[in-house]
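The next block is target_15.txt, given as compact mmCIF, C-alpha atoms.
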# COMPACT_ATOMS: atom_id res chain seq x y z
CA MET A 1 0.00 0.00 0.00
CA PHE A 2 1.32 3.42 -0.92
CA GLU A 3 0.93 6.68 0.96
CA PRO A 4 1.38 10.33 -0.07
CA LYS A 5 4.81 11.63 0.94
CA ARG A 6 3.50 14.90 2.31
CA SER A 7 0.47 16.04 4.25
CA ALA A 8 -1.13 19.41 3.57
CA PRO A 9 -2.19 22.15 5.99
CA LEU A 10 -5.96 22.01 6.41
CA ALA A 11 -6.97 25.69 6.74
CA ALA A 12 -5.14 27.87 4.59
CA SER A 13 -5.26 27.01 3.32
CA ALA A 14 -6.18 28.77 2.75
CA ALA A 15 -6.41 27.42 2.87
CA ILE A 16 -7.09 25.21 2.08
CA ALA A 17 -5.70 24.70 3.74
CA VAL A 18 -6.49 25.90 4.03
CA TRP A 19 -6.33 26.36 4.50
CA CYS A 20 -8.40 28.05 1.78
CA ALA A 21 -7.20 30.92 3.80
CA VAL A 22 -7.91 33.36 1.06
CA LEU A 23 -11.70 33.55 1.00
CA ALA A 24 -12.75 37.17 1.48
CA SER A 25 -14.78 39.94 -0.11
CA VAL A 26 -14.18 43.65 -0.60
CA SER A 27 -15.91 45.96 1.87
CA PRO A 28 -16.96 49.59 1.35
CA ALA A 29 -14.23 52.07 0.45
CA ASN A 30 -11.49 52.61 3.02
CA ALA A 31 -12.86 49.89 5.32
CA GLY A 32 -10.49 47.15 4.16
CA PRO A 33 -11.37 43.61 3.09
CA VAL A 34 -14.07 41.65 4.91
CA ILE A 35 -14.77 37.92 4.69
CA MET A 36 -17.91 37.02 2.74
CA PRO A 37 -19.88 34.15 4.31
CA HIS A 38 -20.49 31.40 1.74
CA ARG A 39 -20.53 27.69 1.01
CA ALA A 40 -18.58 26.09 -1.84
CA VAL A 41 -18.37 22.51 -3.12
CA TYR A 42 -15.42 21.25 -5.19
CA ASP A 43 -14.75 18.07 -7.15
CA LEU A 44 -11.24 16.65 -6.71
CA SER A 45 -9.29 15.04 -9.56
CA LEU A 46 -5.70 14.15 -10.43
CA ALA A 47 -3.75 17.12 -11.80
CA LYS A 48 -0.36 15.41 -12.22
CA SER A 49 1.65 12.47 -10.92
CA ALA A 50 5.31 11.42 -10.99
CA GLY A 51 7.82 9.07 -9.39
CA ALA A 52 7.85 5.39 -8.51
CA GLY A 53 4.43 3.90 -7.84
CA ALA A 54 2.84 6.89 -9.57
CA ILE A 55 -0.81 7.60 -8.89
CA THR A 56 -2.94 7.08 -11.99
CA GLN A 57 -6.37 8.07 -10.70
CA ALA A 58 -7.79 10.36 -8.04
CA GLN A 59 -11.28 11.45 -7.15
CA GLY A 60 -13.00 13.08 -4.24
CA LYS A 61 -14.99 16.01 -2.93
CA LEU A 62 -14.25 19.06 -0.81
CA GLU A 63 -17.01 21.00 0.97
CA PHE A 64 -16.12 24.33 2.53
CA GLU A 65 -18.22 26.75 4.58
CA TRP A 66 -17.28 30.09 6.11
CA ALA A 67 -20.00 31.63 8.29
CA ASP A 68 -20.49 34.85 10.24
CA ALA A 69 -21.00 34.22 13.97
CA CYS A 70 -21.17 37.83 15.18
CA ALA A 71 -17.88 38.39 17.06
CA ASN A 72 -16.37 35.30 15.44
CA TRP A 73 -15.94 33.49 12.14
CA THR A 74 -16.77 29.79 11.93
CA VAL A 75 -15.13 27.59 9.31
CA SER A 76 -16.03 24.02 8.45
CA GLN A 77 -14.42 21.78 5.86
CA ARG A 78 -15.06 18.18 4.83
CA THR A 79 -12.79 16.38 2.38
CA ARG A 80 -12.72 12.82 1.01
CA VAL A 81 -10.09 11.52 -1.44
CA GLN A 82 -9.48 8.18 -3.19
CA LEU A 83 -6.12 7.52 -4.85
CA ILE A 84 -5.23 4.61 -7.15
CA ALA A 85 -1.66 3.76 -8.18
CA GLY A 86 -0.53 2.06 -11.37
CA SER A 87 0.12 -1.09 -9.32
CA GLY A 88 -3.55 -1.20 -8.41
CA ASP A 89 -3.01 -0.22 -4.79
CA GLU A 90 -5.69 2.08 -3.39
CA VAL A 91 -5.84 4.45 -0.46
CA GLU A 92 -8.87 6.39 0.71
CA PHE A 93 -8.58 9.15 3.27
CA GLY A 94 -10.19 12.39 4.36
CA TRP A 95 -10.48 14.97 7.07
CA SER A 96 -12.89 17.42 8.59
CA LEU A 97 -12.20 20.75 10.22
CA ASN A 98 -14.32 22.93 12.49
CA ALA A 99 -12.81 26.20 13.69
CA LEU A 100 -13.89 29.33 15.55
CA GLU A 101 -11.78 32.49 15.20
CA ALA A 102 -12.34 35.86 16.82
CA LYS A 103 -12.80 38.57 14.22
CA GLU A 104 -10.29 40.77 16.02
CA GLY A 105 -7.77 37.98 15.54
CA SER A 106 -6.72 37.15 19.10
CA THR A 107 -8.19 33.66 19.66
CA TYR A 108 -8.67 30.50 17.61
CA ARG A 109 -10.28 27.15 18.49
CA PHE A 110 -10.02 24.11 16.25
CA PHE A 111 -11.17 20.50 15.95
CA ILE A 112 -9.70 18.33 13.18
CA ARG A 113 -10.63 14.71 12.45
CA ARG A 114 -8.39 12.69 10.14
CA LEU A 115 -9.85 9.62 8.49
CA ASN A 116 -8.13 6.65 6.84
CA VAL A 117 -10.34 3.81 5.64
CA GLY A 118 -9.86 0.77 7.83
CA GLU A 119 -8.35 2.74 10.73
CA ALA A 120 -9.75 4.54 13.75
CA PRO A 121 -10.20 8.31 13.30
CA GLU A 122 -7.50 10.59 14.68
CA ASP A 123 -8.74 13.71 16.44
CA VAL A 124 -6.81 16.94 16.93
CA ARG A 125 -8.30 19.55 19.23
CA GLY A 126 -7.02 22.72 20.85
CA GLU A 127 -7.08 26.48 21.18
CA ALA A 128 -4.61 29.29 20.59
CA SER A 129 -4.32 32.91 21.60
CA LEU A 130 -2.16 35.92 20.76
CA LYS A 131 -1.11 38.66 23.16
CA GLY A 132 -2.00 41.36 20.67
CA PRO A 133 -1.57 42.53 17.06
CA GLY A 134 1.91 41.63 15.83
CA LYS A 135 2.72 39.80 19.06
CA GLY A 136 3.29 36.15 19.83
CA GLY A 137 1.18 33.75 21.83
CA LEU A 138 0.56 30.14 22.76
CA ALA A 139 -1.36 27.19 21.31
CA LYS A 140 -2.58 24.48 23.70
CA TYR A 141 -3.48 21.07 22.29
CA GLU A 142 -5.99 18.87 24.13
CA GLU A 143 -5.96 15.91 21.70
CA PRO A 144 -4.39 13.58 20.66
CA ASP A 145 -2.08 14.54 23.54
CA GLN A 146 -1.69 17.60 25.70
CA HIS A 147 1.16 19.85 24.61
CA GLU A 148 1.88 23.49 23.85
CA VAL A 149 3.31 25.30 20.83
CA VAL A 150 4.86 28.76 21.20
CA LEU A 151 3.62 31.16 18.53
CA PRO A 152 6.27 33.67 17.40
CA LYS A 153 5.73 37.39 16.94
CA GLY A 154 3.66 38.22 13.87
CA THR A 155 1.69 34.94 13.86
CA LEU A 156 -1.73 35.14 12.23
CA PHE A 157 -4.71 32.82 12.41
CA PRO A 158 -6.34 31.73 9.11
CA SER A 159 -9.08 34.38 8.82
CA ALA A 160 -6.71 37.19 9.75
CA HIS A 161 -4.24 35.89 7.17
CA SER A 162 -7.03 35.86 4.59
CA LEU A 163 -7.69 39.55 5.15
CA VAL A 164 -4.00 40.47 4.94
CA LEU A 165 -3.56 38.43 1.77
CA LEU A 166 -6.57 39.88 -0.03
CA GLU A 167 -5.63 43.44 0.91
CA ALA A 168 -2.13 42.84 -0.43
CA ALA A 169 -3.56 41.44 -3.67
CA GLU A 170 -5.78 44.49 -4.09
CA ARG A 171 -2.73 46.76 -3.67
CA GLY A 172 -0.46 44.58 -5.79
CA ALA A 173 1.78 44.22 -2.73
CA LEU A 174 2.72 40.56 -3.18
CA PRO A 175 4.95 38.58 -2.60
CA LEU A 176 3.96 38.41 1.03
CA GLY A 177 5.30 36.11 3.75
CA ARG A 178 3.52 35.46 7.05
CA VAL A 179 3.59 32.91 9.87
CA VAL A 180 0.16 31.22 10.12
CA PHE A 181 -1.21 28.84 12.76
CA ASP A 182 -4.14 26.61 11.77
CA GLY A 183 -3.72 23.60 14.08
CA SER A 184 -2.92 21.06 11.33
CA GLY A 185 0.25 19.01 10.93
CA ASP A 186 2.55 18.18 13.83
CA GLN A 187 2.88 21.74 15.15
CA GLY A 188 0.07 23.48 13.30
CA ILE A 189 2.25 26.40 12.27
CA PHE A 190 3.77 27.33 8.90
CA PHE A 191 5.55 30.16 7.14
CA VAL A 192 3.31 30.90 4.13
CA ASN A 193 4.78 32.73 1.16
CA ALA A 194 2.24 34.18 -1.30
CA VAL A 195 3.09 35.31 -4.83
CA LEU A 196 0.62 37.06 -7.12
CA SER A 197 0.98 35.75 -10.66
CA LYS A 198 -1.42 38.06 -12.48
CA GLU A 199 -4.80 39.75 -12.36
CA LEU A 200 -7.47 38.24 -14.60
CA ALA A 201 -10.17 40.15 -16.44
CA PRO A 202 -13.75 39.78 -15.10
CA ASP A 203 -15.91 37.01 -16.60
CA VAL A 204 -12.95 35.13 -18.12
CA GLN A 205 -13.64 31.37 -18.06
CA LEU A 206 -16.01 31.42 -15.11
CA PRO A 207 -16.48 27.96 -13.56
CA LEU A 208 -20.17 28.65 -12.88
CA ASP A 209 -22.75 31.06 -14.22
CA SER A 210 -23.26 32.55 -10.76
CA PRO A 211 -24.11 36.12 -9.70
CA LEU A 212 -21.38 35.72 -7.08
CA LEU A 213 -18.78 35.46 -9.86
CA ARG A 214 -20.04 37.63 -12.72
CA GLY A 215 -18.22 40.95 -12.96
CA GLN A 216 -15.65 40.07 -10.31
CA LYS A 217 -11.96 40.62 -10.92
CA SER A 218 -9.63 37.83 -9.81
CA TRP A 219 -5.98 36.90 -9.40
CA ARG A 220 -3.75 33.88 -9.85
CA VAL A 221 -1.99 33.27 -6.54
CA ASN A 222 0.78 30.82 -5.60
CA LEU A 223 1.13 29.74 -1.96
CA ALA A 224 4.10 27.85 -0.48
CA PHE A 225 3.97 26.40 3.06
CA PHE A 226 7.27 25.99 4.89
CA SER A 227 7.98 24.33 8.23
CA LEU A 228 9.38 26.56 10.98
CA ASP A 229 11.33 23.82 12.76
CA GLN A 230 13.81 23.11 10.00
CA ALA A 231 15.81 25.19 7.56
CA ALA A 232 14.35 23.58 4.42
CA ALA A 233 14.51 25.34 1.08
CA GLU A 234 11.71 23.15 -0.28
CA PRO A 235 8.15 23.82 0.90
CA GLU A 236 6.15 21.07 2.59
CA HIS A 237 3.14 21.88 0.47
CA GLU A 238 2.20 24.24 -2.35
CA GLN A 239 -1.04 25.60 -3.76
CA THR A 240 -1.99 27.60 -6.83
CA LEU A 241 -5.47 29.04 -7.20
CA ARG A 242 -7.72 31.65 -8.71
CA MET A 243 -8.92 34.11 -6.07
CA TYR A 244 -11.90 36.34 -6.79
CA ALA A 245 -12.31 39.79 -5.27
CA ASN A 246 -15.58 38.71 -3.60
CA GLY A 247 -13.89 35.76 -1.93
CA VAL A 248 -14.56 32.74 -4.10
CA VAL A 249 -11.65 30.42 -4.89
CA ASP A 250 -11.54 28.23 -8.00
CA ASP A 251 -9.10 26.11 -9.96
CA LEU A 252 -7.18 25.15 -6.84
CA ILE A 253 -4.12 22.91 -7.30
CA LEU A 254 -2.86 21.09 -4.19
CA ASP A 255 0.73 19.99 -4.78
CA TYR A 256 1.92 17.15 -2.52
CA GLY A 257 5.26 16.66 -4.26
CA ASP A 258 4.77 13.27 -5.92
CA PHE A 259 1.25 14.12 -7.08
CA SER A 260 -1.14 17.06 -7.32
CA LEU A 261 -4.91 17.34 -6.91
CA ARG A 262 -7.16 19.81 -8.70
CA ALA A 263 -10.21 21.21 -6.87
CA SER A 264 -12.82 22.47 -9.35
CA LEU A 265 -15.74 24.58 -8.16
CA GLN A 266 -19.09 22.81 -8.72
CA ALA A 267 -21.55 24.64 -6.46
CA LEU A 268 -21.61 27.99 -4.70
CA GLU A 269 -24.06 29.81 -2.47
CA ALA A 270 -23.96 32.85 -0.22
CA LEU A 271 -24.73 32.30 3.46
CA PRO A 272 -27.14 34.59 5.30
CA PRO A 273 -25.77 37.28 7.64
CA ALA A 274 -25.54 36.45 11.34
CA GLY A 275 -28.24 38.93 12.27
CA CYS A 276 -26.40 40.17 15.35

Structure encoded using structure tokens:
Amino acid sequence: MFEPKRSAPLAASAAIAVWCAVLASVSPANAGPVIMPHRAVYDLSLAKSAGAGAITQAQGKLEFEWADACANWTVSQRTRVQLIAGSGDEVEFGWSLNALEAKEGSTYRFFIRRLNVGEAPEDVRGEASLKGPGKGGLAKYEEPDQHEVVLPKGTLFPSAHSLVLLEAAERGALPLGRVVFDGSGDQGIFFVNAVLSKELAPDVQLPLDSPLLRGQKSWRVNLAFFSLDQAAAEPEHEQTLRMYANGVVDDLILDYGDFSLRASLQALEALPPAGC
């Protein structure tokens, strides 16, 4: 049985990651970017494969929801993937994420469940806090074991990183590097480098005929996720995507090194305001 060589951050990402950590919309003039609550569904397929035991087929689904909870943002993500190698070996895995982040960026709670067919689920749960804007903080894990991770100065949580990234794209101020904590991986923290490839004209090759996409400008963005605990020149995970000014992400490529997955937008709907 084969296994992917690398695991991806769940929020940023963006993220998607997390990971689709780039979902945001433009607010009124001079107010800065504001996240747009919405739900998106993506089909997953094989983008490319290389190396020994190369993957020949991939399929799956990614469901992503970002909702307004008054003083907080709530994010949920459910992903299921099936990979088939040329040898005939198969592996099926997935994960779910539920997170609560304060809009002012100081606190973040997360629950991640990792699933591998034939094995017991692995749960990751904890909370993190920052001492203030631009300052460091501490993440405390409750599961699968109790431990702490020190967050360096300048750390951002996923929603806050989304806002910084979109604002930078609007100003053409990329590349942009930030430390982001999302709770995934061994330590849950990554240095994320974002590079803006180009701005696309509105209504060019829209994935859906949706009022949420028509007339929106968008950008091609490349994201590279680096570990903080080793001086590695090669990122642990990379993403390329199309980011719309109103917050929708499409044509997302998740690069795991020996193979890549493409996430194609299939359904999109706006979520109602919190009514606070």

Quiz prompt | Pick from A:Leu174, A:Ala267, A:Leu261, A:Met36 nearest to A:Asn222, counting all atoms listed in the file | solution =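 For A:Asn222, the nearest of the given residues is A:Leu174.
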
Closest atom pairs, residues of stretch 160-186 of chain A within 12 Å of stretch 67-80 of chain A, only C-alpha atoms, as JSON lines:
{"residue": "A:Ala160", "atom": "CA", "partner": "A:Trp73", "partner_atom": "CA", "distance": 10.2}
{"residue": "A:Ser162", "atom": "CA", "partner": "A:Trp73", "partner_atom": "CA", "distance": 11.9}
{"residue": "A:Asp182", "atom": "CA", "partner": "A:Val75", "partner_atom": "CA", "distance": 11.3}

Quiz item: To one decimal place, how far is atom CA of A:Val91 from atom CA of A:Pro158 in Å?
Solution: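 Atom CA of A:Pro158 lies at a distance of 28.9 Å from atom CA of A:Val91.
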
Practice problem: Write out as a VMD selection string each polymer residue whose atoms come within 9 Å of A:Leu83, counting only C-alpha atoms; drop sequence neighbours fewer than 3 positions from it. | Solution: chain A and resid 46 55 to 60 89 to 93

Self-check item: atom CA of A:Leu268 to atom CA of A:Ala40, distance in Å rounded to a single decimal
Solution: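 According to the coordinates, atom CA of A:Leu268 and atom CA of A:Ala40 are separated by 4.6 Å.
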
Quiz item: Which residue gives the smallest distance to A:Asp255 among A:Leu130, A:Leu206, A:Leu223, A:Ala233, with only C-alpha atoms counted?
Solution: A:Leu223

Quiz item: If we count only C-alpha atoms, what is near A:Ser197 at a cut-off of 8 Å, once residues fewer than 4 positions away on the same chain are taken out, given as a PyMOL selection string?
Solution: chain A and resi 219-222

Quiz item: Hey, what's within 8 Å of A:Pro272 if we count all atoms listed in the file and toss same-chain stuff fewer than 2 positions away? As a list in words, please?
Solution: Pro37, Ala270 and Ala274 of chain A

Got time to write the residues from that selection, C-alpha atoms, as a compact mmCIF listing (two decimals), in the frame of the given file?
# COMPACT_ATOMS: atom_id res chain seq x y z
CA PRO A 37 -19.88 34.15 4.31
CA ALA A 270 -23.96 32.85 -0.22
CA ALA A 274 -25.54 36.45 11.34

Long-range neighbours of A:Glu101 as a PDB file with C-alpha atoms, keeping the file's coordinate frame, 8 Å cut-off, all atoms listed in the file, 2 positions minimum in chain:
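part.pdb, freshly written:
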ATOM      1  CA  ASN A  72     -16.370  35.300  15.440  1.00  0.00           C
ATOM      2  CA  TRP A  73     -15.940  33.490  12.140  1.00  0.00           C
ATOM      3  CA  THR A  74     -16.770  29.790  11.930  1.00  0.00           C
ATOM      4  CA  ALA A  99     -12.810  26.200  13.690  1.00  0.00           C
ATOM      5  CA  LYS A 103     -12.800  38.570  14.220  1.00  0.00           C
ATOM      6  CA  GLY A 105      -7.770  37.980  15.540  1.00  0.00           C
ATOM      7  CA  SER A 106      -6.720  37.150  19.100  1.00  0.00           C
ATOM      8  CA  THR A 107      -8.190  33.660  19.660  1.00  0.00           C
ATOM      9  CA  TYR A 108      -8.670  30.500  17.610  1.00  0.00           C
ATOM     10  CA  ARG A 109     -10.280  27.150  18.490  1.00  0.00           C
ATOM     11  CA  PHE A 157      -4.710  32.820  12.410  1.00  0.00           C
ATOM     12  CA  SER A 159      -9.080  34.380   8.820  1.00  0.00           C
TER      13      SER A 159
END

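When all atoms listed in the file are used to compute distances to A:Glu142, the closest of the residues A:Pro121, A:Pro175, A:Gly275, A:Gly183 turns out to be A:Gly183.
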
Quiz item: Mind listing as a list of chain:residue names all residues within 6 Å of (7.6, 37.1, 10.6), counting all atoms listed in the file?
Solution: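 The requested residues, written out, are A:Gly154, A:Arg178, A:Val179.
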
Quiz prompt | Interatomic distance, atom CA of A:Pro207 to atom CA of A:Ala169 (Å, one decimal) | solution = 21.1 Å

List as a short mmCIF file (atom, residue, chain, number, x, y, z; two decimals) with C-alpha atoms, in the coordinates of the input the protein and nucleic acid residues near A:Arg214, meaning an atom at most 10 Å away when all atoms listed in the file are counted, but skip any in the same chain fewer than 5 places from it.
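See out_30.cif below for the written result:
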data_model
loop_
_atom_site.label_atom_id
_atom_site.label_comp_id
_atom_site.auth_asym_id
_atom_site.auth_seq_id
_atom_site.Cartn_x
_atom_site.Cartn_y
_atom_site.Cartn_z
CA PRO A 202 -13.75 39.78 -15.10
CA ASP A 203 -15.91 37.01 -16.60
CA VAL A 204 -12.95 35.13 -18.12
CA LEU A 206 -16.01 31.42 -15.11
CA LEU A 208 -20.17 28.65 -12.88
CA ASP A 209 -22.75 31.06 -14.22
#

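Residues lying at most 9 Å from (-4.0, 13.4, 22.4) in file coordinates, with all atoms listed in the file considered, are A:Glu122, A:Asp123, A:Val124, A:Arg125, A:Tyr141, A:Glu142, A:Glu143, A:Pro144, A:Asp145, A:Gln146, A:His147.
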
Quiz item: Between A:Val81, A:Leu228, A:Leu241, A:Val149, which has the minimum distance to A:Ala194 (counting only C-alpha atoms)?
Solution: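 Answer, going by the shortest atom-to-atom distance: A:Leu241.
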
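You can rank A:Pro133, A:Gly215, A:Pro273, A:Gly172 by their closest distance to A:Lys153 using all atoms listed in the file, and at the top of that list sits A:Pro133.
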
Practice problem: Check the smallest atom-to-atom distance from each of A:Phe191, A:Ser218, A:Glu269, A:Glu238 to A:Val41 using all atoms listed in the file, then report the winner. | Solution: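 Nearest candidate to A:Val41 out of A:Phe191, A:Ser218, A:Glu269, A:Glu238: A:Glu269.
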